[in-house]
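Following: one structure in structure tokens, then a few remarks.
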Amino acid sequence: MHTIIGAGVSGLSSAQLLKEKGFETTVLEKSSKPGGLIKCDVVDGHLFHRVGGHVFNTKVEKVNDWFWNRFNKEQDFIATKRNAGIFMQEQFLAYPLENSLYKFDEGTIRNIFNELIDLDQQASKEYHNFEDFLKGNFGNTLYQLYFKPYNHKIWKTDLSQVALPWLDGKLPMPNHREIIMSNILRKEEGNMVHSSFFYPEKNGSQFIADNLAKGLNIQYNQAVNTLQYNNNAWVINEAFNSEYIVYTGDIRLLHQMIKGVPSEIQEQLVAVSNLQSNGTSNLLCETDASDHSWLYLPDEGIPAHRIIYTGNFSANNQPKDGRASCTVEFSGYTPVEEMEKAIKKLPGNLKMIDYNYEANSYVIQQQGDREKINALKNSLAQYNIYLVGRFAEWEYHNMDKAIESSMHLADQF
Ligand SMILES: Cc1cc2nc3c(=O)[nH]c(=O)nc-3n(C[C@H](O)[C@H](O)[C@H](O)COP(=O)(O)OP(=O)(O)OC[C@H]3O[C@@H](n4cnc5c(N)ncnc54)[C@H](O)[C@@H]3O)c2cc1C
């Protein structure tokens, strides 16, 4: 018997993959519906991505095949090309910013391009943290102008402490000559992460969760608080027995939950109990029409970091004759009065409909964290407990990487 803790993308895909292999699975979920971070609600006819807008795409072939075997791409999804923008210094700029540098004043343009040309002539370097990477690739002017304020807003941490391998595949890899050419030729963004994506016709990412939950044995409102290892099996909440556990919750909480393992493993559990994370506050708003899919907001004077025009993703996301909807994201806990004040500085005559605060949304890996987590994963696997997902592995997983990780788990059985 396999018990999966959590009915987010990781738990649901793990359960489906194990079921495909013929294993009996039960999913225990503390909330009342599936989805975790991808959950959505409908509020006054507007679809609210409670933890920020979610779209699907993947470059991982086996995830692509598995996902589209389960879903009807043509019937249930809309294929969309991203039109991202940047709103800074009260003007709209194209995304990525490197391609619209020509819009800045002459002094700034000269500084940026002098630095880019100098960087291009230097031998390639190995970077050890996120701050060095950004400065070393884009130069100090662009770092101070855009990358520093934007990333500080999201991560709320010292970027020089952020480990680089953790951001693998997520980092912009600039080609200095291409940046110069793009600014002369005024070229738009190319083949970047999420430059095109799929979005469900109805119910946003909740549709993905609801479908992944189909056919599974899921017990909702069932928070797992204790896991006791006893006679080669796990006793969950002093009530259920299970031979195997797949845990997709927060790795930091395991040291309080797990009992009956050797003291070395208890020490490993304690060693990951202080990992750093950020929450997100989201404001569902009405907005004037916009052709953007999302807008990045690097200015320090605006506490929000992104507007996602979820109403543009599917016509079903907002009332037929009403105004369009969007979700404004703020990193960390932001009181609702502060969010309402902040949206007055944003374009689109935004009007609040609803808000949500999610205490855990962004994980932050510092130097050495990944090694500690991998060692713990190996130790726990000897006791048939497996860590899968964004918060259990403490990885910056998107949905596709969460599914890939579930596939990796299923391959072990
Ligand atoms: C703002 C934001 C935007 C994003 N946008 C995108 C995007 O556009 N595209 C994309 O692919 N990805 C996106 N992601 C990433 C995506 O949200 C994650 O990859 C994915 O949702 C992670 O799923 P998970 O199952 O690992 O974790 P979660 O979604 O957190 O699921 C864990 C589940 O476990 C349950 N649980 C936890 N502890 C217990 C317990 N003790 N007992 C019982 N149940 C428990 C929780 O309630 C939850 O349902 C975004 C993330 C954020 C924060």
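Following the order of the structure tokens, chains are lettered A, B, ..., residues in each are numbered from 1, and ligands are numbered from 1.
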Q: Run DSSP on the backbone and give me the residues of stretch 42-243 of chain A it puts in strand (DSSP E), as number ranges by chain.
A: A: 42-43, 46-49, 77-81, 84-88, 91-94, 196-200, 218-219, 227-230, 233-236, 240-242
Can you write just those residues out, C-alpha atoms, as a compact mmCIF listing (two decimals), in the first residue's frame?
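Result went into result.txt, see below:
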# COMPACT_ATOMS: atom_id res chain seq x y z
CA VAL A 42 -14.59 31.62 -9.03
CA VAL A 43 -15.43 34.92 -7.30
CA HIS A 46 -14.00 35.99 -12.15
CA LEU A 47 -11.57 33.08 -11.98
CA PHE A 48 -9.13 33.61 -9.10
CA HIS A 49 -5.80 31.79 -9.21
CA PHE A 77 -6.91 23.85 -23.80
CA ILE A 78 -6.09 27.11 -25.53
CA ALA A 79 -2.62 27.47 -27.10
CA THR A 80 -1.33 30.98 -26.44
CA LYS A 81 1.73 32.98 -27.36
CA ALA A 84 4.89 39.76 -21.57
CA GLY A 85 5.72 43.35 -20.77
CA ILE A 86 7.49 45.44 -18.18
CA PHE A 87 6.01 48.48 -16.53
CA MET A 88 8.76 50.65 -15.06
CA GLN A 91 6.37 53.42 -19.22
CA PHE A 92 5.60 50.07 -20.87
CA LEU A 93 8.64 48.16 -22.11
CA ALA A 94 8.85 44.89 -24.01
CA SER A 196 4.12 29.96 -25.60
CA PHE A 197 1.89 27.97 -23.33
CA PHE A 198 -1.34 26.06 -22.90
CA TYR A 199 -4.18 27.17 -20.70
CA PRO A 200 -7.42 25.32 -19.87
CA ILE A 218 -8.32 10.77 -2.09
CA GLN A 219 -9.29 11.61 1.47
CA LEU A 227 4.41 9.30 10.89
CA GLN A 228 5.62 6.54 13.20
CA TYR A 229 7.95 3.86 11.82
CA ASN A 230 7.02 0.54 13.40
CA ALA A 233 5.70 -0.07 8.14
CA TRP A 234 4.47 3.45 8.76
CA VAL A 235 1.61 4.34 11.10
CA ILE A 236 0.00 7.56 9.96
CA PHE A 240 -3.58 4.08 9.22
CA ASN A 241 -0.79 1.68 8.24
CA SER A 242 1.17 2.00 5.04
Q) Hey, which residues come within 8 Å of ligand 1 if we count only C-alpha atoms and all ligand atoms? Could you give them as a PyMOL selection string? A) chain A and resi 5-12+28-31+33-38+51-58+194+221-225+247-250+279-280+329+360-362+388-392+396-402
Q | Selected residue of minimal separation from A:Val336 among A:Asn114, A:Ser160, A:Asn282, A:Gln121, counting only C-alpha atoms | A |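 Smallest separation from A:Val336 among the options: A:Asn282.
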Q | Distance criterion (only C-alpha atoms): nearest to A:Leu387 out of A:Ala375, A:Trp166, A:Glu264, A:Gln318 | A |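 When distances to A:Leu387 are compared using only C-alpha atoms, the smallest one comes from A:Ala375.
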Q: From a DSSP pass on the backbone, collect the residues of stretch 345-406 of chain A flagged as helix (DSSP H, G or I) and hand them back as a count of residues only.
A: 21
